[in-house]
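Enquirer: So that you have it, the file is upload_15.tsv, and it contains TSV, C-alpha atoms:
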chain	number	residue	atom	x	y	z
P	144	MET	CA	22.06	-17.64	-25.75
P	145	ASN	CA	20.07	-16.43	-22.75
P	146	ASN	CA	16.34	-16.94	-23.32
P	147	TYR	CA	15.33	-15.81	-19.83
P	148	ILE	CA	12.25	-13.57	-19.78
P	149	PRO	CA	11.21	-12.02	-16.45
P	150	GLY	CA	7.62	-12.43	-15.33
P	151	LEU	CA	5.31	-9.77	-13.92
P	152	SER	CA	2.10	-10.13	-11.91
P	153	ILE	CA	-0.19	-7.12	-11.60
P	154	VAL	CA	-2.41	-6.76	-8.54
P	155	ILE	CA	-5.38	-4.38	-8.63
P	156	VAL	CA	-7.71	-3.85	-5.68
P	157	ASN	CA	-11.28	-2.99	-6.64
P	158	TYR	CA	-14.03	-1.58	-4.45
P	159	ASN	CA	-17.05	-0.34	-6.37
P	160	SER	CA	-14.76	1.22	-8.95
P	161	SER	CA	-15.17	-1.19	-11.85
P	162	GLU	CA	-15.52	1.53	-14.47
P	163	TYR	CA	-12.05	2.77	-13.58
P	164	THR	CA	-10.74	-0.79	-13.33
P	165	ILE	CA	-11.96	-1.65	-16.82
P	166	ARG	CA	-10.19	1.37	-18.33
P	167	CYS	CA	-7.05	0.41	-16.45
P	168	LEU	CA	-7.26	-3.18	-17.71
P	169	ASP	CA	-7.79	-2.00	-21.29
P	170	SER	CA	-4.65	0.15	-21.06
P	171	ILE	CA	-2.66	-2.83	-19.79
P	172	GLN	CA	-3.74	-4.91	-22.77
P	173	LYS	CA	-2.31	-2.26	-25.12
P	174	SER	CA	1.10	-2.41	-23.44
P	175	GLU	CA	4.32	-3.45	-25.13
P	176	MET	CA	5.49	-6.79	-23.76
P	177	LYS	CA	8.60	-7.68	-25.77
P	178	THR	CA	11.02	-8.02	-22.87
P	179	PHE	CA	8.85	-9.56	-20.17
P	180	CYS	CA	5.93	-11.93	-19.67
P	181	LEU	CA	2.74	-10.72	-18.06
P	182	GLU	CA	1.93	-13.79	-16.00
P	183	GLU	CA	-1.45	-12.60	-14.74
P	184	ILE	CA	-3.61	-9.69	-13.70
P	185	ILE	CA	-5.12	-10.37	-10.30
P	186	VAL	CA	-8.10	-8.26	-9.29
P	187	VAL	CA	-9.00	-8.51	-5.62
P	188	ASP	CA	-12.54	-7.28	-5.08
P	189	ASN	CA	-13.39	-5.96	-1.62
P	190	ALA	CA	-17.09	-6.87	-1.57
P	191	SER	CA	-18.29	-4.56	-4.33
P	192	ASP	CA	-21.97	-4.43	-5.17
P	193	GLU	CA	-23.47	-6.75	-7.77
P	194	ARG	CA	-23.39	-4.16	-10.54
P	195	ASN	CA	-19.63	-3.71	-10.18
P	196	LEU	CA	-19.04	-7.43	-9.88
P	197	SER	CA	-21.05	-8.17	-13.02
P	198	ILE	CA	-18.78	-5.79	-14.95
P	199	LEU	CA	-15.66	-7.59	-13.70
P	200	ASN	CA	-17.13	-11.03	-14.32
P	201	GLU	CA	-17.25	-10.24	-18.03
P	202	ARG	CA	-13.46	-9.96	-18.21
P	203	THR	CA	-11.54	-13.02	-19.34
P	204	ASP	CA	-8.10	-11.45	-18.87
P	205	ILE	CA	-8.13	-11.35	-15.06
P	206	ARG	CA	-8.08	-13.70	-12.11
P	207	LEU	CA	-10.76	-12.44	-9.75
P	208	ILE	CA	-10.50	-12.91	-5.99
P	209	ARG	CA	-13.75	-12.03	-4.23
P	210	ASN	CA	-13.81	-11.03	-0.59
P	211	ALA	CA	-17.00	-11.41	1.41
P	212	LYS	CA	-16.36	-8.06	3.10
P	213	ASN	CA	-14.17	-5.02	2.57
P	214	GLU	CA	-10.85	-6.24	3.94
P	215	GLY	CA	-9.04	-2.99	3.26
P	216	PHE	CA	-6.43	-2.12	0.67
P	217	ALA	CA	-3.33	-3.49	2.41
P	218	LYS	CA	-4.83	-6.88	3.14
P	219	ALA	CA	-6.27	-7.17	-0.37
P	220	CYS	CA	-2.85	-6.39	-1.85
P	221	ASN	CA	-1.30	-9.10	0.31
P	222	GLN	CA	-3.94	-11.56	-0.90
P	223	GLY	CA	-3.10	-10.78	-4.50
P	224	ALA	CA	0.65	-11.05	-3.88
P	225	ALA	CA	0.23	-14.42	-2.19
P	226	ASP	CA	-1.63	-15.70	-5.24
P	227	ALA	CA	0.85	-14.25	-7.76
P	228	SER	CA	3.18	-16.58	-9.66
P	229	ALA	CA	5.66	-14.08	-11.16
P	230	GLU	CA	8.92	-12.92	-9.61
P	231	TYR	CA	7.99	-9.26	-9.90
P	232	LEU	CA	4.87	-7.58	-8.54
P	233	LEU	CA	3.12	-4.40	-9.60
P	234	PHE	CA	0.46	-2.98	-7.29
P	235	LEU	CA	-1.64	-0.76	-9.52
P	236	ASN	CA	-4.52	1.52	-8.59
P	237	PRO	CA	-7.73	1.00	-10.58
P	238	ASP	CA	-7.93	4.75	-11.30
P	239	THR	CA	-4.79	4.70	-13.46
P	240	ILE	CA	-4.00	4.39	-17.15
P	241	VAL	CA	-0.65	2.92	-18.12
P	242	LYS	CA	1.07	4.13	-21.27
P	243	GLN	CA	2.17	1.71	-23.98
P	244	ASP	CA	5.75	1.52	-22.73
P	245	THR	CA	5.15	1.92	-18.97
P	246	LEU	CA	5.36	-1.72	-17.92
P	247	GLU	CA	8.34	-2.52	-20.12
P	248	VAL	CA	10.39	0.54	-19.17
P	249	SER	CA	9.67	0.34	-15.45
P	250	LEU	CA	10.43	-3.37	-15.19
P	251	SER	CA	13.67	-3.08	-17.17
P	252	THR	CA	14.70	-0.12	-14.97
P	253	TYR	CA	13.90	-2.08	-11.84
P	254	ARG	CA	15.96	-5.04	-12.99
P	255	ARG	CA	18.95	-2.80	-13.86
P	256	HIS	CA	18.98	-1.63	-10.26
P	257	LEU	CA	18.56	-5.05	-8.65
P	258	LYS	CA	22.21	-5.57	-7.80
P	259	LYS	CA	22.48	-1.98	-6.58
P	260	GLY	CA	19.87	-2.61	-3.88
P	261	ILE	CA	16.56	-1.33	-5.21
P	262	GLY	CA	13.49	-1.93	-3.07
P	263	ALA	CA	10.44	-0.36	-4.71
P	264	LEU	CA	9.99	1.60	-7.93
P	265	GLY	CA	7.42	4.19	-8.89
P	266	VAL	CA	6.91	6.14	-12.11
P	267	GLN	CA	6.03	9.66	-13.10
P	268	MET	CA	2.33	10.43	-12.75
P	269	LEU	CA	0.22	12.76	-14.85
P	270	ASP	CA	-3.11	14.24	-13.83
P	271	GLU	CA	-6.20	14.44	-16.03
P	272	SER	CA	-4.78	17.60	-17.65
P	273	ASN	CA	-1.58	15.80	-18.56
P	274	GLN	CA	0.43	17.78	-16.00
P	275	VAL	CA	3.20	16.12	-13.99
P	276	VAL	CA	2.11	15.40	-10.42
P	277	ARG	CA	4.73	15.86	-7.71
P	278	SER	CA	3.87	12.55	-6.17
P	279	CYS	CA	6.95	11.46	-4.22
P	280	SER	CA	7.14	12.28	-0.55
P	281	ARG	CA	9.47	12.34	2.40
P	282	PHE	CA	9.00	10.01	5.32
P	283	PRO	CA	6.34	11.57	7.57
P	284	ARG	CA	7.30	13.55	10.65
P	285	ASN	CA	5.14	15.64	12.94
P	286	PHE	CA	7.01	18.69	11.71
P	287	TYR	CA	5.45	18.26	8.25
P	288	PHE	CA	1.96	17.84	9.75
P	289	PHE	CA	2.49	21.04	11.76
P	290	ALA	CA	3.63	22.88	8.64
P	291	LYS	CA	0.54	21.66	6.81
P	292	CYS	CA	-2.05	22.69	9.38
P	293	THR	CA	-0.43	26.12	9.88
P	294	GLY	CA	-0.01	26.76	6.15
P	295	LEU	CA	3.77	27.13	6.44
P	296	ASN	CA	4.27	24.43	3.80
P	297	ARG	CA	2.68	26.79	1.27
P	298	ILE	CA	5.37	29.36	1.97
P	299	ILE	CA	8.39	27.04	2.22
P	300	LYS	CA	8.00	24.17	-0.24
P	301	SER	CA	10.66	22.00	1.39
P	302	TRP	CA	8.47	21.91	4.52
P	303	ASN	CA	5.84	19.99	2.56
P	304	LEU	CA	5.55	16.24	3.07
P	305	PHE	CA	5.39	15.92	-0.70
P	306	MET	CA	8.52	16.89	-2.63
P	307	CYS	CA	6.91	19.93	-4.23
P	308	GLU	CA	10.20	21.77	-4.75
P	309	TRP	CA	11.34	19.08	-7.23
P	310	ASN	CA	9.83	18.95	-10.72
P	311	HIS	CA	9.81	15.12	-10.97
P	312	LEU	CA	11.36	15.21	-14.44
P	313	THR	CA	14.40	13.08	-13.62
P	314	ASP	CA	15.10	9.69	-12.07
P	315	ARG	CA	15.91	9.92	-8.39
P	316	LYS	CA	16.22	7.91	-5.20
P	317	VAL	CA	13.43	8.98	-2.85
P	318	ASP	CA	12.03	8.11	0.54
P	319	GLU	CA	8.69	6.95	-0.75
P	320	VAL	CA	6.98	6.30	-4.09
P	321	MET	CA	3.22	6.52	-4.33
P	322	GLY	CA	1.30	3.27	-4.07
P	323	ALA	CA	-0.76	3.97	-7.18
P	324	TYR	CA	2.09	2.36	-9.16
P	325	PHE	CA	4.27	0.31	-6.86
P	326	MET	CA	6.70	-2.22	-8.33
P	327	VAL	CA	8.72	-4.59	-6.15
P	328	SER	CA	10.23	-8.05	-6.44
P	329	LYS	CA	8.07	-10.72	-4.86
P	330	ASP	CA	11.03	-12.06	-2.88
P	331	ILE	CA	11.62	-8.68	-1.24
P	332	PHE	CA	7.92	-8.14	-0.66
P	333	LEU	CA	7.54	-11.47	1.13
P	334	LYS	CA	10.85	-11.05	2.96
P	335	LEU	CA	9.50	-7.90	4.61
P	336	GLY	CA	6.15	-9.50	5.37
P	337	GLY	CA	4.11	-7.59	2.81
P	338	PHE	CA	2.00	-4.57	3.67
P	339	ASP	CA	1.04	-4.03	7.31
P	340	GLU	CA	-2.68	-4.83	7.40
P	341	ARG	CA	-3.34	-2.42	10.27
P	342	PHE	CA	-3.38	0.23	7.53
P	343	PHE	CA	-6.89	-0.27	6.16
P	344	VAL	CA	-6.06	2.17	3.38
P	345	TYR	CA	-3.34	4.83	2.99
P	346	TYR	CA	0.18	4.78	4.42
P	347	GLU	CA	0.67	1.07	3.76
P	348	GLU	CA	3.20	1.92	1.04
P	349	VAL	CA	4.80	4.63	3.19
P	350	ASP	CA	5.36	2.10	5.97
P	351	PHE	CA	6.66	-0.48	3.51
P	352	CYS	CA	9.08	2.01	1.92
P	353	TYR	CA	10.33	2.96	5.38
P	354	ARG	CA	10.94	-0.70	6.22
P	355	LEU	CA	12.75	-1.13	2.90
P	356	VAL	CA	15.15	1.69	3.70
P	357	LYS	CA	15.68	0.42	7.24
P	358	SER	CA	16.55	-2.97	5.71
P	359	GLY	CA	19.22	-1.45	3.44
P	360	TYR	CA	17.26	-1.01	0.19
P	361	TYR	CA	16.47	2.20	-1.66
P	362	ASN	CA	13.35	3.35	-3.48
P	363	LEU	CA	13.54	4.74	-7.01
P	364	PHE	CA	11.40	7.21	-8.91
P	365	CYS	CA	11.51	6.59	-12.67
P	366	ALA	CA	10.74	9.61	-14.85
P	367	GLU	CA	11.42	7.83	-18.12
P	368	THR	CA	7.83	6.65	-18.39
P	369	ASN	CA	4.52	7.62	-16.81
P	370	ILE	CA	0.91	6.83	-16.08
P	371	VAL	CA	-2.24	8.90	-15.84
P	372	HIS	CA	-3.63	8.89	-12.31
P	373	TYR	CA	-7.17	10.10	-11.68
P	374	ALA	CA	-6.26	10.95	-8.07
P	375	GLY	CA	-9.00	9.91	-5.68
P	376	GLY	CA	-11.07	8.66	-8.58
P	377	ALA	CA	-11.90	5.36	-6.95
P	378	SER	CA	-12.98	7.05	-3.71
P	379	LYS	CA	-14.09	10.54	-4.74
P	380	ASN	CA	-17.69	9.89	-3.70
P	381	VAL	CA	-16.73	9.08	-0.09
P	382	LYS	CA	-14.57	12.09	0.82
P	383	SER	CA	-15.38	11.98	4.53
P	384	HIS	CA	-14.27	8.36	4.80
P	385	ARG	CA	-11.19	9.08	2.72
P	386	LEU	CA	-10.11	11.86	5.09
P	387	PHE	CA	-10.87	9.73	8.13
P	388	TYR	CA	-8.79	6.80	6.92
P	389	GLU	CA	-5.93	9.08	5.88
P	390	ILE	CA	-5.66	10.64	9.33
P	391	ARG	CA	-6.20	7.29	11.06
P	392	SER	CA	-3.39	5.68	9.07
P	393	ARG	CA	-1.21	8.71	9.76
P	394	ILE	CA	-1.63	8.16	13.50
P	395	ILE	CA	-0.99	4.42	13.23
P	396	TYR	CA	2.17	5.05	11.20
P	397	MET	CA	3.57	7.57	13.67
P	398	ASN	CA	2.86	5.25	16.58
P	399	LYS	CA	4.46	2.28	14.86
P	400	THR	CA	7.50	4.19	13.66
P	401	PHE	CA	8.22	6.68	16.45
P	402	GLY	CA	6.21	5.50	19.43
P	403	HIS	CA	3.18	6.42	21.51
P	404	ARG	CA	4.35	9.94	22.42
P	405	SER	CA	4.78	10.92	18.77
P	406	ALA	CA	1.34	9.50	17.97
P	407	LYS	CA	-0.18	11.66	20.70
P	408	ILE	CA	1.40	14.75	19.11
P	409	THR	CA	0.04	13.62	15.72
P	410	ILE	CA	-3.45	13.45	17.24
P	411	ILE	CA	-3.11	16.99	18.63
P	412	LEU	CA	-1.95	18.23	15.22
P	413	ALA	CA	-4.87	16.43	13.54
P	414	ARG	CA	-7.25	18.33	15.80
P	415	LEU	CA	-5.51	21.58	14.93
P	416	GLU	CA	-5.83	20.63	11.27
P	417	PHE	CA	-9.60	20.38	11.72
P	418	PHE	CA	-9.84	24.09	12.56
P	419	SER	CA	-7.45	24.99	9.76
P	420	ARG	CA	-9.58	23.06	7.25
P	421	LEU	CA	-12.81	24.45	8.70
P	422	PHE	CA	-11.59	28.05	8.41
P	423	TYR	CA	-10.56	27.49	4.80
P	424	LEU	CA	-13.89	25.89	3.86
P	425	LYS	CA	-15.89	28.64	5.57
P	426	MET	CA	-13.91	31.27	3.71
P	427	LYS	CA	-14.82	29.52	0.44
P	428	ARG	CA	-18.41	28.92	1.65
P	429	GLU	CA	-18.23	25.23	0.80
P	430	GLN	CA	-21.08	23.84	2.85
P	431	GLN	CA	-20.72	20.30	1.47
P	432	GLY	CA	-17.02	20.34	2.32
P	433	ILE	CA	-17.79	21.48	5.87
P	434	LYS	CA	-20.30	18.66	6.26
P	435	GLU	CA	-17.80	16.07	4.99
P	436	LEU	CA	-15.08	17.46	7.26
P	437	LYS	CA	-17.29	17.13	10.33
P	438	GLU	CA	-18.32	13.61	9.33
P	439	ALA	CA	-14.67	12.60	8.93
P	440	TYR	CA	-13.71	13.93	12.34
P	441	LEU	CA	-16.71	12.31	14.02
P	442	LEU	CA	-15.46	8.99	12.66
P	443	LEU	CA	-11.95	9.82	13.84
P	444	MET	CA	-13.05	10.77	17.37
P	445	GLN	CA	-15.07	7.56	17.61
P	446	TRP	CA	-12.10	5.50	16.48
P	447	LEU	CA	-9.80	7.23	18.94
P	448	LYS	CA	-12.25	6.62	21.74
P	449	GLU	CA	-12.45	2.93	20.87
P	450	ASN	CA	-8.70	2.48	20.45
P	451	SER	CA	-7.05	4.87	22.88
P	452	GLU	CA	-6.33	1.97	25.22
P	453	GLY	CA	-6.15	-0.71	22.53
P	454	ASP	CA	-3.45	-2.44	20.56
P	455	ILE	CA	-3.37	0.06	17.71
P	456	LEU	CA	-2.08	2.99	19.75
P	457	CYS	CA	-0.29	1.19	22.54
P	458	SER	CA	1.79	-1.29	20.57
P	459	LYS	CA	4.48	-0.70	17.95
P	460	GLU	CA	4.52	-4.32	16.85
Please rewrite the model in this file as structure tokens.
Expert:
Amino acid sequence: MNNYIPGLSIVIVNYNSSEYTIRCLDSIQKSEMKTFCLEEIIVVDNASDERNLSILNERTDIRLIRNAKNEGFAKACNQGAADASAEYLLFLNPDTIVKQDTLEVSLSTYRRHLKKGIGALGVQMLDESNQVVRSCSRFPRNFYFFAKCTGLNRIIKSWNLFMCEWNHLTDRKVDEVMGAYFMVSKDIFLKLGGFDERFFVYYEEVDFCYRLVKSGYYNLFCAETNIVHYAGGASKNVKSHRLFYEIRSRIIYMNKTFGHRSAKITIILARLEFFSRLFYLKMKREQQGIKELKEAYLLLMQWLKENSEGDILCSKE
């Protein structure tokens, strides 16, 4: 009789989002765990304030890793993975709620596909209104960024980076699964060197999925179970920084994947996107949105000035 039970380690990165993290942890504790062993929940805190830390310190069901400064999402995930003892890893956003069967169904699905060459697995995501989010995306290309800033992706859905033309109601092999729920075997994760820590936040899972495919694996979207994802919940109060880091990571990804010339085109398209966003916000008379947009692009221009001749934009390695 085979008594083998697979083990799972969950890694959650927290940065001043403890209220979300607590709800996420509570949902994990309600999960069915008949076919696997939850080895540990590792929370890596990126230098949250004392109020947030005091909330986490009350939990007895987590292993807390405290960073002295905000190390970024990718590096914090790598820290958690390095400390994990189980053979399977789940990187889980703090602004998520797992359903009772989510962990069990997703892990059993992942293990069924092991011999077929699975790399990473994601699950169906619901928004706060319980509507299915079309969360999977294609690997980024400048064409998709052009379609976005010109509005063409609103006319032709297949020109959208996200797979908006697909209803996400069935299992499917995809380019990339969203990092809010990102399951992978620890062996594969370490074999590929973990997340690239040049991505402070955003695009670290896109880059990892791309490297998985280049290494002969495939990524799977599982529609059999789902989570609730309060998109942007953990960072909704810092919209300007969120936009800045998204565009910055976009540029780093394009440079790493396609080279310096492609990254230069991405920068030009990002500047075009500024005027597209600005026009839209002015039409809606959203003064706060305009302010946040300008703040984001000031940060971006400063970063580009500091790094235009540096390692980030001039090296693919």
Enquirer: Within 9 Å of Phe286 of chain P, counting only C-alpha atoms, which residues qualify if same-chain residues fewer than 4 places away don't, as a JSON list (two decimals) with C-alpha atoms, in the frame of the given file?
Expert:
[["chain", "number", "residue", "atom", "x", "y", "z"],
["P", 290, "ALA", "CA", 3.63, 22.88, 8.64],
["P", 291, "LYS", "CA", 0.54, 21.66, 6.81],
["P", 302, "TRP", "CA", 8.47, 21.91, 4.52]]
Enquirer: Would you kindly return, as a list in words, each protein, DNA or RNA residue with an atom no farther than 8 Å from any atom of Ile148 of chain P, considering all atoms listed in the file and excluding same-chain residues fewer than 2 positions away?
Expert: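 Result of the neighbour search: Asn146, Gly150, Thr178, Phe179 and Cys180 of chain P.
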Enquirer: Between P:Lys399, P:Lys334, P:Lys437, P:Lys259, which has the minimum distance to Arg420 of chain P (counting all atoms listed in the file)?
Expert: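 Of P:Lys399, P:Lys334, P:Lys437, P:Lys259, the one nearest Arg420 of chain P is P:Lys437, counting all atoms listed in the file.
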Enquirer: Considering only C-alpha atoms, return as a list in words whatever protein or nucleic-acid residues lie within 7 Å of Thr368 of chain P, sequence-local ones (same chain, fewer than 6 positions apart) excluded.
Expert: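 The filter keeps Thr245, Val248, Val266 and Gln267 of chain P.
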Enquirer: So what do you get for atom CA of Gly336 of chain P versus atom CA of Glu348 of chain P, distance-wise?
Expert: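 These two atoms are separated by 12.6 Å.
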Enquirer: Counting only C-alpha atoms, I want the residues whose atoms come within 10 Å of (-3.9, -8.2, 3.2) in the file frame, returned as a PyMOL selection string.
Expert: chain P and resi 214-225+337-343
Enquirer: Write out as JSON, numbers by chain which residues come within 7 Å of Asn159 of chain P when counting all atoms listed in the file, dropping same-chain ones fewer than 3 positions away.
Expert: {"P": [191, 192, 195]}
Enquirer: Would you mind listing what lies within 12 Å of segment 162-166 of chain P as a ChimeraX atom specification, with all atoms listed in the file counted and same-chain residues fewer than 6 positions away left out?
Expert: /P:154-156,172-173,184-188,194-205,235-242,371-379
